[in-house]
Every structure is written in structure tokens, then in C-alpha cells.
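query00.txt, holding compact mmCIF, C-alpha atoms:
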# COMPACT_ATOMS: atom_id res chain seq x y z
CA MET O 1 0.00 0.00 0.00
CA PRO O 2 2.25 2.83 -1.20
CA THR O 3 -0.23 5.61 -0.32
CA GLU O 4 -0.44 4.57 3.31
CA THR O 5 3.35 4.30 3.49
CA LEU O 6 3.49 7.99 2.58
CA ASP O 7 1.00 8.85 5.34
CA VAL O 8 3.02 6.86 7.88
CA LEU O 9 6.22 8.61 6.78
CA ILE O 10 4.67 12.10 7.03
CA ALA O 11 3.14 11.34 10.44
CA LEU O 12 6.37 9.82 11.78
CA ALA O 13 8.50 12.68 10.47
CA ALA O 14 6.15 15.28 11.98
CA CYS O 15 6.23 13.57 15.38
CA LEU O 16 10.03 13.17 15.22
CA ILE O 17 10.59 16.84 14.33
CA ALA O 18 8.11 17.96 17.02
CA TRP O 19 10.01 15.88 19.59
CA ARG O 20 13.41 17.25 18.48
CA LEU O 21 12.25 20.87 18.41
CA LEU O 22 10.65 20.68 21.84
CA ALA O 23 13.76 19.03 23.32
CA ASP O 24 16.24 21.49 21.80
CA PRO O 25 17.72 23.94 24.33
CA ASP O 26 18.64 26.28 21.46
CA VAL O 27 15.47 28.30 20.74
CA VAL O 28 16.67 29.56 17.36
CA ARG O 29 17.20 26.01 16.14
CA ALA O 30 13.85 24.99 17.63
CA ALA O 31 12.09 27.79 15.70
CA ALA O 32 13.81 26.71 12.48
CA LEU O 33 12.66 23.15 13.12
CA PHE O 34 9.14 24.46 13.74
CA ILE O 35 9.08 25.86 10.19
CA ALA O 36 10.01 22.41 8.87
CA PHE O 37 7.29 20.95 11.11
CA GLY O 38 4.72 23.36 9.65
CA LEU O 39 5.64 22.39 6.09
CA LEU O 40 5.29 18.68 6.95
CA LEU O 41 1.87 19.44 8.42
CA ALA O 42 0.96 21.17 5.15
CA LEU O 43 1.70 17.85 3.41
CA ALA O 44 -0.50 16.07 5.97
CA TRP O 45 -3.35 18.51 5.22
CA VAL O 46 -3.05 17.75 1.50
CA ARG O 47 -3.14 14.01 2.25
CA LEU O 48 -6.26 14.56 4.39
CA ASP O 49 -8.06 16.40 1.54
CA ALA O 50 -7.83 19.77 3.29
CA PRO O 51 -6.15 22.00 0.68
CA ASP O 52 -7.56 25.17 2.30
CA ILE O 53 -5.73 24.39 5.50
CA ALA O 54 -2.58 23.34 3.65
CA ILE O 55 -2.26 26.76 2.00
CA ALA O 56 -2.96 28.60 5.26
CA GLU O 57 -0.59 26.37 7.24
CA ALA O 58 2.33 26.81 4.85
CA ALA O 59 2.05 30.60 5.10
CA LEU O 60 0.76 31.08 8.67
CA GLY O 61 1.80 28.11 10.79
CA ALA O 62 5.17 27.58 9.19
CA GLY O 63 5.98 31.05 7.92
CA VAL O 64 4.62 33.69 10.29
CA THR O 65 4.83 31.69 13.54
CA GLY O 66 8.35 30.50 12.72
CA LEU O 67 9.46 34.02 11.83
CA LEU O 68 7.93 35.49 15.03
CA VAL O 69 9.74 33.02 17.28
CA LEU O 70 13.01 33.14 15.29
CA ASP O 71 13.04 36.93 15.50
CA ALA O 72 12.32 36.91 19.23
CA ALA O 73 14.87 34.16 19.92
CA ALA O 74 17.55 36.24 18.25
CA ALA O 75 16.55 39.24 20.41
CA THR O 76 16.33 37.37 23.75
CA THR O 77 18.49 34.64 25.23
CA ARG O 78 19.11 32.07 22.57
CA ARG O 79 19.88 29.08 24.76
CA GLU O 80 17.85 27.84 27.66
CA ARG O 81 20.00 27.61 30.75
CA LEU O 82 20.05 24.03 31.91
CA PRO O 83 17.78 23.61 34.93
CA PRO O 84 19.67 23.23 38.18
CA ARG O 85 19.43 19.78 39.67
CA GLN O 86 17.06 20.74 42.43
CA PRO O 87 14.18 18.71 43.80
CA GLU O 88 11.53 21.17 42.57
CA HIS O 89 12.83 20.95 39.01
CA ARG O 90 12.83 17.19 39.14
CA ALA O 91 9.28 17.35 40.53
CA ARG O 92 8.34 19.61 37.64
CA GLY O 93 9.72 17.11 35.13
CA ILE O 94 7.76 14.30 36.79
CA ALA O 95 4.58 16.43 36.83
CA ALA O 96 5.03 17.14 33.13
CA LEU O 97 5.39 13.43 32.38
CA ILE O 98 2.30 12.55 34.40
CA ALA O 99 0.20 15.30 32.73
CA ALA O 100 1.42 14.24 29.27
CA ALA O 101 0.69 10.57 29.97
CA ALA O 102 -2.79 11.41 31.26
CA CYS O 103 -3.48 13.45 28.09
CA ALA O 104 -2.23 10.62 25.87
CA VAL O 105 -4.37 7.97 27.58
CA GLY O 106 -7.48 10.17 27.76
CA LEU O 107 -7.24 11.37 24.17
CA ALA O 108 -6.46 7.92 22.75
CA GLY O 109 -9.41 6.48 24.71
CA ALA O 110 -11.75 9.17 23.43
CA ILE O 111 -10.62 8.68 19.82
CA LEU O 112 -10.97 4.89 19.98
CA ALA O 113 -14.51 5.26 21.35
CA LEU O 114 -15.61 7.22 18.26
CA PRO O 115 -17.35 5.46 15.37
CA GLY O 116 -15.07 4.61 12.46
CA THR O 117 -17.24 6.29 9.86
CA ALA O 118 -19.29 9.45 10.29
CA PRO O 119 -20.71 11.72 7.61
CA GLY O 120 -20.37 14.74 9.91
CA LEU O 121 -22.30 17.86 8.96
CA ARG O 122 -21.90 17.43 5.20
CA ALA O 123 -25.62 17.14 4.57
CA GLU O 124 -26.45 20.24 6.61
CA VAL O 125 -23.76 22.26 4.81
CA ALA O 126 -25.00 21.01 1.44
CA GLY O 127 -28.49 22.22 2.38
CA ASP O 128 -27.20 25.59 3.54
CA ILE O 129 -24.85 26.24 0.63
CA THR O 130 -27.63 26.80 -1.94
CA ARG O 131 -28.67 30.09 -0.35
CA THR O 132 -25.12 31.50 -0.25
CA GLY O 133 -24.35 31.51 -3.97
CA VAL O 134 -20.83 30.16 -3.41
CA GLU O 135 -19.89 26.63 -4.40
CA HIS O 136 -16.99 25.81 -2.08
CA PRO O 137 -18.37 24.32 1.17
CA VAL O 138 -15.50 25.60 3.36
CA THR O 139 -16.05 29.19 2.17
CA ALA O 140 -19.81 28.84 2.60
CA VAL O 141 -19.40 27.66 6.19
CA LEU O 142 -16.79 30.33 6.90
CA LEU O 143 -18.81 33.27 5.58
CA ALA O 144 -22.44 32.20 5.80
CA SER O 145 -23.18 29.35 8.18
CA ARG O 146 -20.50 30.27 10.71
CA ALA O 147 -20.01 33.92 9.76
CA TRP O 148 -20.27 35.04 13.39
CA ASP O 149 -17.17 32.98 14.28
CA THR O 150 -15.28 34.38 11.34
CA LEU O 151 -16.20 37.95 12.30
CA LEU O 152 -14.82 37.35 15.79
CA GLU O 153 -11.76 35.65 14.32
CA VAL O 154 -10.92 38.75 12.30
CA ALA O 155 -11.50 40.81 15.43
CA VAL O 156 -9.12 38.55 17.42
CA LEU O 157 -6.39 39.24 14.88
CA LEU O 158 -7.04 42.98 15.20
CA VAL O 159 -6.94 42.77 19.01
CA ALA O 160 -3.63 40.89 18.77
CA VAL O 161 -2.18 43.71 16.65
CA MET O 162 -3.40 46.24 19.23
CA GLY O 163 -1.91 44.15 22.03
CA VAL O 164 1.46 43.89 20.32
CA LEU O 165 1.34 47.63 19.67
CA ALA O 166 0.55 48.33 23.32
CA LEU O 167 3.50 46.21 24.44
CA ARG O 168 5.97 48.24 22.42
CA ARG O 169 8.07 50.68 24.33
CA ASP O 170 7.65 53.21 21.61
CA TRP O 171 4.08 54.09 20.80
CA SER O 172 4.16 55.14 17.18
CA VAL O 173 2.72 52.83 14.56
CA ARG O 174 5.54 53.91 12.31
CA LEU O 175 8.03 51.28 11.35
CA ARG O 176 11.45 51.65 9.90
CA ALA O 177 12.64 49.54 7.03
CA ARG O 178 16.12 48.07 7.01
CA GLN O 179 18.00 51.00 5.49
CA PRO O 180 20.36 49.73 2.79
CA ALA O 181 18.41 47.54 0.39
CA ASP O 182 20.08 44.19 -0.07
CA PRO O 183 20.58 44.08 -3.87
CA LEU O 184 19.97 40.33 -4.20
CA LEU O 185 16.94 40.33 -1.89
CA ALA O 186 15.56 43.52 -3.46
CA GLY O 187 15.88 42.06 -6.96
CA PHE O 188 14.18 38.88 -5.84
CA ALA O 189 11.38 40.85 -4.15
CA ARG O 190 10.79 42.90 -7.31
CA ILE O 191 10.51 39.73 -9.39
CA VAL O 192 8.16 37.87 -7.04
CA ALA O 193 5.96 40.83 -6.04
CA PRO O 194 3.65 40.75 -9.09
CA VAL O 195 3.41 36.96 -8.85
CA PHE O 196 2.41 37.19 -5.19
CA VAL O 197 -0.28 39.78 -5.96
CA LEU O 198 -1.58 37.56 -8.76
CA VAL O 199 -1.60 34.47 -6.52
CA ALA O 200 -3.37 36.36 -3.72
CA GLY O 201 -6.01 37.68 -6.12
CA TYR O 202 -6.49 34.24 -7.63
CA LEU O 203 -6.85 32.57 -4.22
CA LEU O 204 -9.40 35.20 -3.18
CA TRP O 205 -11.44 34.80 -6.35
CA ARG O 206 -11.16 31.02 -6.36
CA GLY O 207 -12.32 30.79 -2.76
CA THR O 208 -15.96 30.92 -3.84
CA SER O 209 -15.69 27.80 -5.98
CA GLY O 210 -12.70 25.85 -4.66
CA PRO O 211 -9.87 25.79 -2.11
CA GLY O 212 -8.70 29.29 -1.29
CA GLY O 213 -10.32 32.38 0.15
CA ALA O 214 -9.71 35.47 2.23
CA PHE O 215 -7.35 33.98 4.79
CA GLN O 216 -5.13 32.23 2.26
CA ALA O 217 -5.01 35.36 0.12
CA GLY O 218 -4.22 37.45 3.21
CA ALA O 219 -1.43 35.07 4.21
CA VAL O 220 0.14 35.38 0.75
CA LEU O 221 -0.21 39.19 0.89
CA SER O 222 1.45 39.33 4.31
CA THR O 223 4.38 37.27 3.03
CA LEU O 224 4.78 39.71 0.15
CA LEU O 225 4.68 42.71 2.51
CA LEU O 226 7.28 41.11 4.79
CA ILE O 227 9.59 40.23 1.89
CA MET O 228 9.37 43.80 0.58
CA VAL O 229 10.01 45.40 3.97
CA LEU O 230 12.84 43.02 4.89
CA ALA O 231 14.45 43.50 1.48
CA GLY O 232 14.39 47.24 2.11
CA ILE O 233 12.34 48.21 -0.95
CA ALA O 234 9.18 49.12 0.98
CA ASP O 235 9.14 51.43 3.96
CA PRO O 236 5.92 51.23 6.01
CA ALA O 237 6.92 54.47 7.72
CA ARG O 238 6.12 56.31 4.50
CA ILE O 239 2.51 55.12 4.57
CA PRO O 240 0.42 57.61 6.60
CA GLY O 241 -0.71 56.29 9.98
CA GLY O 242 -4.37 56.79 9.10
CA VAL O 243 -4.03 54.60 6.03
CA GLN O 244 -2.23 51.94 8.06
CA ARG O 245 -4.99 51.87 10.65
CA GLY O 246 -7.69 51.94 7.98
CA VAL O 247 -6.21 48.92 6.22
CA LEU O 248 -5.87 47.02 9.50
CA VAL O 249 -9.47 47.73 10.53
CA ALA O 250 -11.11 47.31 7.08
CA GLY O 251 -11.93 43.60 7.40
CA THR O 252 -13.54 43.86 10.82
CA ALA O 253 -15.32 47.11 9.89
CA VAL O 254 -16.85 45.85 6.62
CA PHE O 255 -17.87 42.58 8.26
CA ALA O 256 -19.40 44.42 11.25
CA VAL O 257 -21.32 46.82 8.99
CA VAL O 258 -22.80 43.87 7.07
CA ALA O 259 -23.64 42.16 10.36
CA LEU O 260 -25.38 45.25 11.74
CA THR O 261 -27.23 45.93 8.48
CA THR O 262 -28.55 42.37 8.31
CA ALA O 263 -29.51 42.57 11.96
CA ILE O 264 -31.51 45.77 11.41
CA VAL O 265 -33.02 45.01 7.99
CA ARG O 266 -33.69 41.32 8.32
CA GLY O 267 -33.75 40.92 12.07
CA THR O 268 -31.12 38.20 12.10
CA LEU O 269 -27.42 38.85 12.53
CA LEU O 270 -25.44 37.91 9.40
CA GLU O 271 -28.42 36.29 7.69
CA LEU O 272 -27.29 37.23 4.17
CA PRO O 273 -30.12 37.93 1.68
CA ARG O 274 -30.32 35.14 -0.87
CA GLY O 275 -29.82 37.24 -3.99
CA ALA O 276 -26.97 39.38 -2.69
CA ALA O 277 -25.17 36.70 -0.64
CA TYR O 278 -22.52 35.96 -3.28
CA ASP O 279 -21.59 39.63 -3.79
CA LEU O 280 -21.60 40.33 -0.07
CA ILE O 281 -19.34 37.34 0.59
CA LEU O 282 -16.90 38.51 -2.06
CA ILE O 283 -16.86 42.07 -0.65
CA ILE O 284 -16.32 40.81 2.91
CA GLU O 285 -13.64 38.41 1.72
CA THR O 286 -11.73 41.14 -0.11
CA ALA O 287 -11.74 43.39 2.95
CA ILE O 288 -10.68 40.48 5.17
CA ALA O 289 -7.86 39.49 2.80
CA VAL O 290 -6.41 43.02 2.84
CA SER O 291 -6.73 43.34 6.63
CA VAL O 292 -5.37 39.86 7.34
CA GLY O 293 -2.40 40.54 5.07
CA ALA O 294 -1.64 43.84 6.80
CA ALA O 295 -2.28 42.48 10.30
CA LEU O 296 -0.02 39.45 9.91
CA ALA O 297 2.78 41.59 8.52
CA ALA O 298 2.23 44.12 11.31
CA LEU O 299 2.43 41.38 13.97
CA VAL O 300 5.91 40.45 12.77
CA LEU O 301 7.14 44.00 12.13
CA LEU O 302 5.69 45.59 15.29
CA ALA O 303 7.35 42.97 17.47
CA ARG O 304 10.76 44.24 16.38
CA PRO O 305 12.11 47.03 18.52
CA PRO O 306 12.48 50.44 16.85
CA ARG O 307 15.74 50.74 14.99
CA THR O 308 16.99 53.80 16.83
CA ALA O 309 19.08 51.88 19.36
CA PRO O 310 20.80 54.89 21.03
CA ASP O 311 17.42 56.48 21.85
CA ARG O 312 16.33 53.31 23.55
CA GLU O 313 19.37 53.26 25.78
CA GLU O 314 18.70 56.85 26.78
CA GLN O 315 15.15 55.94 27.76
CA ALA O 316 16.38 52.96 29.77
CA MET R 317 -12.79 3.50 15.49
CA SER R 318 -13.51 0.18 13.80
CA GLY R 319 -13.83 0.51 10.05
CA ALA R 320 -12.09 3.89 9.87
CA PRO R 321 -9.84 4.49 6.84
CA ALA R 322 -6.15 3.75 7.52
CA GLY R 323 -5.16 7.39 6.91
CA VAL R 324 -7.53 8.57 9.66
CA LEU R 325 -6.00 6.16 12.17
CA ILE R 326 -2.42 7.12 11.22
CA TYR R 327 -3.00 10.87 11.61
CA ALA R 328 -5.17 10.47 14.70
CA ALA R 329 -2.32 8.52 16.32
CA ALA R 330 0.12 11.27 15.30
CA SER R 331 -2.19 13.88 16.82
CA VAL R 332 -2.10 12.06 20.18
CA VAL R 333 1.72 12.06 20.03
CA LEU R 334 1.81 15.80 19.20
CA VAL R 335 -0.60 16.74 22.01
CA THR R 336 1.40 14.61 24.46
CA LEU R 337 4.73 16.16 23.41
CA GLY R 338 3.21 19.65 23.58
CA VAL R 339 1.75 19.22 27.07
CA ARG R 340 5.01 17.77 28.39
CA ALA R 341 7.16 20.54 26.91
CA LEU R 342 4.73 23.26 28.07
CA ILE R 343 5.22 22.15 31.69
CA ALA R 344 8.83 20.96 31.59
CA ARG R 345 10.49 23.67 29.49
CA ARG R 346 11.50 26.91 31.19
CA HIS R 347 12.36 29.20 28.30
CA LEU R 348 9.18 31.15 27.49
CA LEU R 349 9.72 30.93 23.73
CA ALA R 350 10.06 27.14 24.05
CA GLN R 351 6.70 27.22 25.84
CA VAL R 352 5.23 29.25 22.98
CA LEU R 353 6.45 26.58 20.54
CA ALA R 354 5.00 23.89 22.83
CA VAL R 355 1.55 25.54 22.67
CA ASN R 356 1.83 25.61 18.89
CA VAL R 357 2.74 21.92 18.66
CA LEU R 358 -0.13 21.14 21.05
CA GLY R 359 -2.48 23.16 18.84
CA ALA R 360 -1.19 21.44 15.72
CA GLY R 361 -2.07 18.12 17.34
CA VAL R 362 -5.64 19.29 17.98
CA PHE R 363 -5.97 20.57 14.40
CA LEU R 364 -4.62 17.29 13.03
CA LEU R 365 -7.15 15.33 15.08
CA LEU R 366 -10.07 17.50 13.87
CA VAL R 367 -9.10 17.19 10.22
CA ALA R 368 -8.38 13.45 10.53
CA LEU R 369 -11.84 12.89 12.07
CA ALA R 370 -13.44 14.95 9.27
CA ARG R 371 -12.04 12.36 6.85
CA ARG R 372 -14.24 9.61 8.32
CA ALA R 373 -17.02 10.41 5.85
CA PRO R 374 -17.73 7.13 4.03
CA ASP R 375 -17.24 8.46 0.49
CA GLY R 376 -16.84 11.76 -1.29
CA PRO R 377 -15.40 14.95 0.19
CA PRO R 378 -14.62 15.27 3.94
CA ASP R 379 -16.82 17.18 6.40
CA PRO R 380 -16.13 20.90 5.75
CA VAL R 381 -17.08 22.14 9.23
CA PRO R 382 -13.94 20.88 11.05
CA HIS R 383 -11.88 22.34 8.18
CA THR R 384 -13.29 25.80 8.80
CA LEU R 385 -12.79 25.36 12.56
CA VAL R 386 -9.12 24.58 11.93
CA LEU R 387 -8.77 27.49 9.51
CA THR R 388 -10.14 29.81 12.21
CA GLY R 389 -7.92 28.09 14.76
CA LEU R 390 -4.79 28.69 12.68
CA VAL R 391 -5.41 32.44 12.56
CA VAL R 392 -6.18 32.55 16.29
CA ALA R 393 -3.03 30.50 17.00
CA VAL R 394 -0.90 32.99 15.07
CA SER R 395 -2.55 35.89 16.94
CA LEU R 396 -1.85 34.17 20.25
CA THR R 397 1.75 33.45 19.28
CA ALA R 398 2.34 37.06 18.26
CA LEU R 399 0.91 38.42 21.51
CA ALA R 400 2.86 35.87 23.60
CA VAL R 401 6.09 36.65 21.76
CA ALA R 402 5.51 40.39 22.29
CA LEU R 403 5.03 39.75 26.03
CA VAL R 404 8.25 37.70 26.15
CA ARG R 405 10.17 40.43 24.33
CA ARG R 406 8.87 43.12 26.65
CA LEU R 407 9.75 41.01 29.71
CA HIS R 408 13.23 40.46 28.32
CA ALA R 409 13.65 44.17 27.57
CA GLU R 410 12.53 45.16 31.09
CA THR R 411 14.23 42.49 33.19
CA GLY R 412 16.57 40.49 30.96
CA ALA R 413 14.69 37.34 31.95
CA ASP R 414 13.57 34.66 29.52
CA THR R 415 11.70 32.53 32.05
CA LEU R 416 9.15 33.32 34.74
CA GLU R 417 11.41 31.86 37.44
CA ASP R 418 14.78 33.53 37.84
CA GLY R 419 13.88 37.10 38.73
CA GLY R 420 11.17 37.30 36.08
CA GLY R 421 9.16 39.62 38.30
CA ALA R 422 11.91 41.87 39.60
CA PRO R 423 13.37 44.56 37.36
Rendering of file as C-alpha cells:
Amino acid sequence: MPTETLDVLIALAACLIAWRLLADPDVVRAAALFIAFGLLLALAWVRLDAPDIAIAEAALGAGVTGLLVLDAAAATTRRERLPPRQPEHRARGIAALIAAAACAVGLAGAILALPGTAPGLRAEVAGDITRTGVEHPVTAVLLASRAWDTLLEVAVLLVAVMGVLALRRDWSVRLRARQPADPLLAGFARIVAPVFVLVAGYLLWRGTSGPGGAFQAGAVLSTLLLIMVLAGIADPARIPGGVQRGVLVAGTAVFAVVALTTAIVRGTLLELPRGAAYDLILIIETAIAVSVGAALAALVLLARPPRTAPDREEQA
Amino acid sequence: MSGAPAGVLIYAAASVVLVTLGVRALIARRHLLAQVLAVNVLGAGVFLLLVALARRAPDGPPDPVPHTLVLTGLVVAVSLTALAVALVRRLHAETGADTLEDGGGAP
């Protein structure tokens, strides 16, 4: 059975990398391994017929999370100091083992108790999808059946950006690009930029009929923004603060306006009118894609301390 | 889980391993960034389980609802990671600590 061999290999490799990365005292190496782990998971999602998640995982789980931790590891202590051999640390290790073992036994028991085949909510989604105008079930659930969750999800991302901003020592939204543009990186960024925009637009458009959608498009956009800023060819500081905030808030704002309008006109929150559902979903998705792209890039860029190092020392 | 496709069983087993590794590392590791990675591995295990269980549909496409749950979960996980990393960086900038034990509270 060659196909199952592949599944076993992916699963084993993911578990092995997860074990190595969580055991590594060097946080930079652990973060690099996490990126590899995310890419392996993306393969697992493809094998499990979840292409939507595969695209999001490759960009978000592997890319943005890995970059966030890598960046922070380089800025803080890179290596974990080995725990002193004291009774409380040994007790902590034993407690961790007991908790992990309890989780393993409980989870395995719960999984084994489940029926081997279950149609899930496919029938309900198939019944609901006709009134949305979109063909892809994941997009229909995301923006019609479970639109409330998605609205809050976009809001969570916005709150995270605000939280990261609040934790900065310096309060301006303004960011500074790396000053001298790396010629190789800048050339690469200029070549890939149009392709990234095209891919993001395609994913957004395709989301109504197949795998893709606002979050995947946003993830691709954020990668493009990060590449351009890190290569030194785009300087977010030159974008006015109002525009930056507007772009960050657009997804939540458009979604909230639609939610309020439907609540007032139709009496039900986010009950999209049958005829206009398709257009509304596309409008909401476009706004979300732009905001998600900006927010993810902002999360990475805002975490970096301002570049004016001497000023910081004066403050401290 | 009798009669489940082999792929479901393989990935469900992997998800148990990932959750177990994540829980252990979250408690045992001291470096805060290692704990952030542990939460992410733990979350990945939960996502893997949800998507594997969605594949139990007898024929045709998998159940789309767990897929959207995981898609939402991925974005929330990244938001959580970013906020946690920002907290760790601020702690390090204020106190020089990278754990919550050795003088993490005292500037």
C-alpha cells in the first residue's frame, strides 16, 4: 500500500521533528525546526483532503509563527540555561510526564470510542450552501453558516495587533525599514511581487468555488509585505498612519457593517439575503484578505524594537 | 474507530503524540519561547485530530465544518503566538529574563 506508506512517513517525520524541536535547548534552532514541522503538516493537510488548511498552514503556521519566534529568539536569550538539579525541578519534570501521559491515555481512549465512519455535517452544509451563492463548502461555512465565528476571528487578529502595539516601548505605529536595500533580496522581491499579488487575487477569487479564500489570500499578501520590507524596498513608515490603521481595521469594519445591516433590515445577525449573498461574501472576503495581510505583517514588524538603538538606551 | 480508513487512524495517532509532546514541553520547558512553541505543537495536534476525524465520511469529500474550525484556529493561534512573543520580548527588555522563574518579576 504505497499511499499509506506515505501517510506513515509524514506522520512519523512530523512527530520526530516535534520531539526534536521541543527538546532542543537552542530556541533559534527549535524555531527553524518548527518551520520544517509546519511544512510537513501542510503535506499532511493535503493528504487529508484539506487543501484550504494546507495553503494557510504553509504561510501562517510555518511562515509567520516560525518568523515570530526566530526573530524573538535572536533578540532574547538564545539558549535555555540548563535547569539546576534541584528537587523542585525534578518534581516539575515528573509532573510534566504525568500530565502528558494522562493526556495521551485520555485522548487515545476518546478517539478509539468514536465510530469509524461518520458523515459529519456534510448534509447540513449542502443544504445551507444553496442560499449562499458560493460553491466551495469551506467558504460557505466560513462566511455564511458560521459567519459570526469568522467575524470574531478577524476581530481577534485585530486585538492581537493592538496588544502587540501596546506592548511596544515606543508608541508610534511607524516602522522603519532596514535602510540599505540588499541588492539580491531587493531584486528577488521585485521579481516575485507581481506573482504574489496575482496568486493572492487568484486565491481570493477562487475561494468561492474551490480551495482558497480570504485567509489564504491574506497570508500570501502578508508574506509579500514582509519580503518587501525586509528587502528594504518598501518602507511602512512612509505610509500615513491613518491609512495603516484603515487597512488594519477594514476587514472587521466591513464585516461588522454587514452584520449590523442584516440585523436591522432582516432581524437576524449575518443572515445574508439570498440574492446578494454571493456579492456580499466577495466584498467581505476582499476586505478580510487586505486586513489579514496587513495584520499578519504588522504582527511580525511591530514585534521588532524600533531601529533607533541609542534612543532606547537613553530611555532605559 | 472500527472501520475507519487507515489514513484517519495514522494521523489520529500522530495527533495524540503531538498533544502529548506539547503538554510535556509546556510544563517541563523553562524558556518562554520554548513554551510558545509547545503551545503551537499542542495546537497542531488538535488541528490534526479535527481534520483526521473529518475524513471519516464514508465516500466523497470530507466534512467541511472541522476544516473551517481549523482554519479559524490557525489564525487565532498565530494571533496568540504574536501576543505571547511580544510579552516575552517586553519582559526580556525590562528584566533580561527569559523565564518566569529567575527574577522574572523583579526589574
Quiz prompt | Spatial neighbours of Ala102 in chain O, 12 Å, all atoms listed in the file, chain gap at least 4 places, as a PyMOL selection string | solution = (chain O and resi 95-98+106-109) or (chain R and resi 332+335-337+339-340)
Per-residue nearest contacts of chain O to chain R (7 Å; only C-alpha atoms) as a tab-separated table:
residue	atom	partner	partner_atom	distance
O:Glu4	CA	R:Gly323	CA	6.6
O:Asp7	CA	R:Gly323	CA	6.5
O:Val8	CA	R:Ile326	CA	6.4
O:Ala11	CA	R:Ala330	CA	5.7
O:Cys15	CA	R:Leu334	CA	6.3
O:Ala18	CA	R:Val357	CA	6.9
O:Trp19	CA	R:Leu337	CA	6.5
O:Leu22	CA	R:Ala341	CA	6.2
O:Val27	CA	R:Ala350	CA	6.4
O:Leu48	CA	R:Ala368	CA	6.6
O:Ala50	CA	R:His383	CA	6.8
O:Ile53	CA	R:Leu387	CA	5.9
O:Leu60	CA	R:Val394	CA	6.9
O:Gly61	CA	R:Leu390	CA	6.9
O:Thr65	CA	R:Val394	CA	6.1
O:Leu68	CA	R:Ala398	CA	6.6
O:Val69	CA	R:Leu349	CA	6.8
O:Ala72	CA	R:Arg405	CA	6.6
O:Thr76	CA	R:His408	CA	6.3
O:Thr77	CA	R:Asp414	CA	6.5
O:Glu80	CA	R:His347	CA	5.7
O:Arg92	CA	R:Ala344	CA	6.2
O:Gly93	CA	R:Ala344	CA	5.3
O:Ala96	CA	R:Arg340	CA	4.8
O:Leu97	CA	R:Arg340	CA	5.9
O:Ala99	CA	R:Arg340	CA	6.9
O:Ala100	CA	R:Thr336	CA	4.8
O:Ala101	CA	R:Thr336	CA	6.9
O:Cys103	CA	R:Thr336	CA	6.2
O:Ala104	CA	R:Thr336	CA	5.6
O:Leu107	CA	R:Val332	CA	6.5
O:Ala108	CA	R:Val332	CA	6.5
O:Leu112	CA	R:Met317	CA	5.0
O:Ala113	CA	R:Met317	CA	6.4
O:Leu114	CA	R:Met317	CA	5.4
O:Pro115	CA	R:Met317	CA	5.0
O:Gly116	CA	R:Met317	CA	4.0
O:Thr117	CA	R:Arg372	CA	4.7
O:Ala118	CA	R:Ala373	CA	5.1
O:Pro119	CA	R:Ala373	CA	4.3
O:Gly120	CA	R:Asp379	CA	5.6
O:Leu121	CA	R:Asp379	CA	6.1
O:Arg122	CA	R:Asp379	CA	5.2
O:Pro137	CA	R:Pro380	CA	6.1
O:Val138	CA	R:Pro380	CA	5.3
O:Val141	CA	R:Val381	CA	6.7
O:Leu142	CA	R:Thr384	CA	6.0
O:Thr150	CA	R:Thr388	CA	6.9
O:Glu153	CA	R:Thr388	CA	6.4
O:Val156	CA	R:Val392	CA	6.8
O:Leu157	CA	R:Ser395	CA	5.5
O:Ala160	CA	R:Ser395	CA	5.4
O:Gly163	CA	R:Leu399	CA	6.4
O:Val164	CA	R:Leu399	CA	5.6
O:Leu167	CA	R:Ala402	CA	6.5
O:Leu299	CA	R:Ala398	CA	6.1
O:Ala303	CA	R:Ala402	CA	5.8
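Taking CA of Phe188 in chain O and CA of Ile55 in chain O as endpoints, the distance between them is 21.9 Å.
A straight line drawn from CA of Asp149 in chain O to CA of Thr130 in chain O is 20.3 Å long.
When CA of Ala193 in chain O is paired with CA of Thr223 in chain O, their separation reads 9.9 Å.
Minimum atom-to-atom distances from O:Leu302, O:Phe37, O:Leu6, O:Trp148 to Ala166 in chain O were compared using all atoms listed in the file, and the lowest value belongs to O:Leu302.
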Exercise. Would you kindly return, as a PyMOL selection string, each protein, DNA or RNA residue with an atom no farther than 8 Å from any atom of Ser222 in chain O, considering all atoms listed in the file and excluding same-chain residues fewer than 5 positions away?
Key: chain O and resi 292-297
